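S.K.: Before we start, here is the structure in question, set down as C-alpha cells.
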Amino acid sequence: MDNEAIANPADGSYAHAQRRTNARWAMLALVFIGTIINYLDRTNMSVVAPQIAKEFAVTPVMMGVLFSAFSWAFALATLPGGYFLDRFGTRVTYGVCLAGWSLLTCLQTFAGGFASLFGLRFGVGAAEAPAFPANNKLVTAWFPQRERGVAGSMCSMGVYIGTAFLTPVEFYVASEWGWRGVFISSGLLGLAWAIVWFIAYKEPSQSRLVNRAEMDYIREGGGVVGTAASTDGFRWDHLWKLLRFRQIWGVCIGKLAATTTLYFFLTWFPTYLMQARGMSMLHAGAAAVGPYLSAAVGVMFGGWWGDWMIRRGVSVSKARKIPMVLGLLLTGTIVLANFTTSNAIVVGILCVAFFAQGMSSTTWVVVSEIAPRDLVGMTGSIASFASNLAGIITPITIGFIVQKTGSFEWALGFCAIVAMIGVLAYTVVLGKIERLHVE
C-alpha cells in the first residue's frame, strides 16, 4: 500500500497519508463489460430479424410482438428483481442474472418457430430485469456524488459501445452461419463473463482492493457504503410510498420517453436500413456503427457535463436536468430523416439524434441522487419498469405503422413526438432532485 509523507508545519514532523486506491473504477469496469454483453443479447434479435421473418413467415406486427417479448418479461420481473437486489446485494443478483440470460440466449439456437422464440426471449427479459438496477446500486455504493455522472454514464455507455462494435460482427456471423450462430456465440460469451464476475466483484465493505482512504472518500462524498444486502428486508408498502413522490413520476415518464427512441434503434433499426434505405446486411452493419458510437459519446458527454456543473457550484437539479432536456429536444431531429433520399445524410441525422438520446439517458444518475438509501434497488426497478414499457410499446407500434403504411416515416415521427413528452416530464413534473426519505 503506497504512502506519501506530508510535513506538519506545527512541529516540523512528518505524517504519512495513505494514498487513495481506485478500486471503484475496477468494479465499474466489470459492470461496463457486463452491460456490453447485456445489450448484445438484447439486440441480437434485431440483427437476425429479416432472416427469422423469412424462415418462419413472420409479419411486421408479429415481429414487433417478438421484439417486445423481452420487455414484457423485463417489466413484470423488474419489481421482484428490485426486491431480490435489495435483499441479496449486487454481486449475487447480477451474477445469477448474467448466467441465466446467457444460458437462455444459447437455447434460442434450438428454437423451431415463433412460439419457442417468444418464450425464450421472454425468459431472457426476465433474467435481465435486475441488471440496470444493479448497475445503479453499484454506482450508488462505490462512487461519491461528484463522480456519479461519469460513473453512471460509463454504465450506460456499455449499451452503445457494445452495439457499435459488435453489431457489425453479428451481421457477419449471421451472413456466414445464419441466425442460430448469432445466438450461440453471444450466449457463450455471457456465460464466460459470469464466471469472471463471481470471482472479481466485491461490495465496498468486502473488497480487499479498497483502502481506508478510498472508503472515506466514497463515504464523505455521499456514497451509500454498506453491506451487500438490506438487513431489514423490503416491505411492499415502500413501493406505494415511493410512488407518492413527483420525482419518481418525472423520472419514469422521462425515462420512458428517452427509451422510446433507444428501442427503435435496438429493434427496428437494422430492418429500417435494409428495407427503407435499401442497404445489404453487411452495409447495414457498417452504417449502424456511426449512430451507436455517437450515442456512446452523447451519454459520456451528458454525465461529464452534469458533474462539471456540480463542481462549479450549479445546483444538482439544474446540472442533471439540462443535459436530459436538451438531449430529448435534439432527439426529435430523428424525424428529419424522412425528408432526404441520401443514405449518407440519413446516417448523419441518425448520428445526431442518437447522440442526443445518449445525452438524455443520464436518468440513471438522477435515480442515484433521489433513491432512499435503503431502497436503491427498488427505486431503480421502478425506473427500469417505466423504461421497459417503451420496450413493449415501441416495437409493436412501429410494427403496426410499417404494416399499415408500408413505410417507416410515421415510425420516426412517433419517436420524435414521445421525446417531446419527455421534455415536459423533466421540466414540469420532476421537480427538485434530492434524496427522498421513506419512513
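Letters A, B, ... mark the chains of the C-alpha cells in the order given; residue numbers begin at 1 per chain; ligand numbers begin at 1, in order shown.
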Within 12 Å of Ala192 of chain A, counting only C-alpha atoms, which residues qualify if same-chain residues fewer than 2 places away don't, as a PDB file with C-alpha atoms, in the first residue's frame?

M.R.:
```pdb
ATOM      1  CA  ILE A  33     -18.355  -5.188 -19.819  1.00  0.00           C
ATOM      2  CA  GLY A  34     -21.411  -6.907 -18.353  1.00  0.00           C
ATOM      3  CA  ILE A  37     -22.939  -8.382 -23.064  1.00  0.00           C
ATOM      4  CA  GLY A  95     -24.042 -12.826 -11.350  1.00  0.00           C
ATOM      5  CA  LEU A  98     -25.935 -12.787 -16.142  1.00  0.00           C
ATOM      6  CA  ALA A  99     -25.574 -16.568 -16.160  1.00  0.00           C
ATOM      7  CA  GLY A 100     -29.331 -17.028 -16.591  1.00  0.00           C
ATOM      8  CA  SER A 102     -26.737 -16.029 -21.279  1.00  0.00           C
ATOM      9  CA  LEU A 103     -27.919 -19.636 -20.990  1.00  0.00           C
ATOM     10  CA  SER A 185     -21.840 -17.063 -29.866  1.00  0.00           C
ATOM     11  CA  SER A 186     -23.283 -14.210 -27.784  1.00  0.00           C
ATOM     12  CA  GLY A 187     -24.696 -16.607 -25.160  1.00  0.00           C
ATOM     13  CA  LEU A 188     -21.374 -18.384 -24.619  1.00  0.00           C
ATOM     14  CA  LEU A 189     -19.633 -15.030 -24.188  1.00  0.00           C
ATOM     15  CA  GLY A 190     -22.039 -14.142 -21.372  1.00  0.00           C
ATOM     16  CA  ALA A 194     -20.459 -14.661 -15.373  1.00  0.00           C
ATOM     17  CA  ILE A 195     -17.528 -16.724 -14.076  1.00  0.00           C
ATOM     18  CA  VAL A 196     -15.270 -13.652 -14.134  1.00  0.00           C
ATOM     19  CA  TRP A 197     -17.910 -11.613 -12.301  1.00  0.00           C
ATOM     20  CA  PHE A 198     -18.288 -14.029  -9.400  1.00  0.00           C
ATOM     21  CA  ILE A 199     -14.518 -14.208  -8.976  1.00  0.00           C
TER      22      ILE A 199
END
```

S.K.: Using only C-alpha atoms, determine which residues lie at most 9 Å from Asn135 of chain A, disregarding the query and same-chain residues fewer than 4 positions distant; provide the list as a list of chain:residue names.

M.R.: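 Final neighbour list, sorted by chain and number: A:Leu28, A:Val31, A:Phe32, A:Thr35, A:Thr90, A:Tyr94, A:Pro130, A:Ala131, A:Val139, A:Thr140, A:Gly152, A:Cys155.
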
S.K.: Skip Arg180 of chain A itself and residues of its chain fewer than 4 positions away, then list as a ChimeraX atom specification all residues within 8 Å of it, counting only C-alpha atoms.

M.R.: /A:108-110,174,184

S.K.: Nearest to Gly327 of chain A: which of A:Cys97, A:Val299, A:Ala213, A:Leu79 is it, counting only C-alpha atoms?

M.R.: A:Val299

S.K.: Neighbouring residues of Tyr39 of chain A were defined as those with any atom within 12 Å, considering only C-alpha atoms; residues of the same chain fewer than 3 positions away were excluded. Please report them as a ChimeraX atom specification.

M.R.: /A:32-36,42-46,70,98,101-102,105,124-125,128,131-132,155-167,186-187,190,262-263,265-267

S.K.: From the DSSP assignment of the backbone, select every residue of segment 3-118 of chain A that is strand (DSSP E or B), and format the answer as a PyMOL selection string.

M.R.: chain A and resi 3-7+14-18

S.K.: List the neighbours of segment 408-424 of chain A out to 6 Å using only C-alpha atoms; skip same-chain residues closer than 6 positions along the sequence, and give me the result as a list of chain:residue names.

M.R.: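 The neighbour list is A:Gly254, A:Ala257, A:Thr261, A:Val325, A:Leu328, A:Gly332, A:Val335, A:Asn338, A:Ile398, A:Val402.
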
S.K.: For the atom pair atom CA of Thr363 of chain A and atom CA of Leu242 of chain A, what is the interatomic distance in Å to one decimal place?

M.R.: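 The value is 16.8 Å.
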
S.K.: Considering only C-alpha atoms, tabulate each residue of segment 113-189 of chain A that lies at most 7 Å from segment 49-57 of chain A along with its nearest interatomic pair and the corresponding distance in Å to one decimal; arrange the rows by chain and ascending residue number and present them as JSON lines.

M.R.:
```
{"residue": "A:Gly113", "atom": "CA", "partner": "A:Phe56", "partner_atom": "CA", "distance": 6.1}
{"residue": "A:Phe114", "atom": "CA", "partner": "A:Phe56", "partner_atom": "CA", "distance": 6.9}
{"residue": "A:Trp179", "atom": "CA", "partner": "A:Gln51", "partner_atom": "CA", "distance": 6.8}
```

S.K.: Using the selection just defined, write its residues with N, CA and C atoms as a compact mmCIF listing (two decimals), in the first residue's frame.

M.R.:
```txt
# COMPACT_ATOMS: atom_id res chain seq x y z
N GLY A 113 -39.64 -22.09 -34.07
CA GLY A 113 -40.71 -21.26 -34.62
C GLY A 113 -40.98 -20.05 -33.76
N PHE A 114 -42.06 -19.32 -34.09
CA PHE A 114 -42.39 -18.09 -33.40
C PHE A 114 -42.63 -18.31 -31.91
N TRP A 179 -28.82 -17.18 -38.38
CA TRP A 179 -29.26 -16.54 -37.13
C TRP A 179 -28.93 -17.37 -35.90
```

S.K.: List the spatial neighbours of segment 21-26 of chain A as a PyMOL selection string - criterion: any atom at most 8 Å away, only C-alpha atoms, same-chain residues fewer than 6 positions off excluded.

M.R.: chain A and resi 142-143+209-211+213-214

S.K.: Mind dumping the selected residues with C-alpha atoms as a PDB file, in the first residue's frame?

M.R.:
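So out01.pdb came out as:
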```pdb
ATOM      1  CA  TRP A 142     -18.978   2.779  -4.886  1.00  0.00           C
ATOM      2  CA  PHE A 143     -18.963   6.427  -6.037  1.00  0.00           C
ATOM      3  CA  LEU A 209      -8.667  -3.751  -3.265  1.00  0.00           C
ATOM      4  CA  VAL A 210     -10.095  -0.706  -1.492  1.00  0.00           C
ATOM      5  CA  ASN A 211      -8.197   1.026   1.326  1.00  0.00           C
ATOM      6  CA  ALA A 213      -8.614   6.474   2.153  1.00  0.00           C
ATOM      7  CA  GLU A 214     -10.812   5.442  -0.736  1.00  0.00           C
TER       8      GLU A 214
END
```

S.K.: Which residues are close to Phe355 of chain A, i.e. within 6 Å by only C-alpha atoms, leaving aside same-chain residues fewer than 6 positions away? Reply as number ranges by chain.

M.R.: A: 294-295, 298

S.K.: Of the candidates A:Gly348, A:Gln357, A:Asn136, A:Ser207, which shows the shortest atom-to-atom distance to Pro323 of chain A, using only C-alpha atoms?

M.R.: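 Answer, going by the shortest atom-to-atom distance: A:Gln357.
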
S.K.: Using only C-alpha atoms, find the one residue out of A:Ser153, A:Val366, A:Arg311, A:Leu389 that sits nearest to Ala296 of chain A.

M.R.: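 Using only C-alpha atoms, the shortest distance to Ala296 of chain A belongs to A:Ser153.
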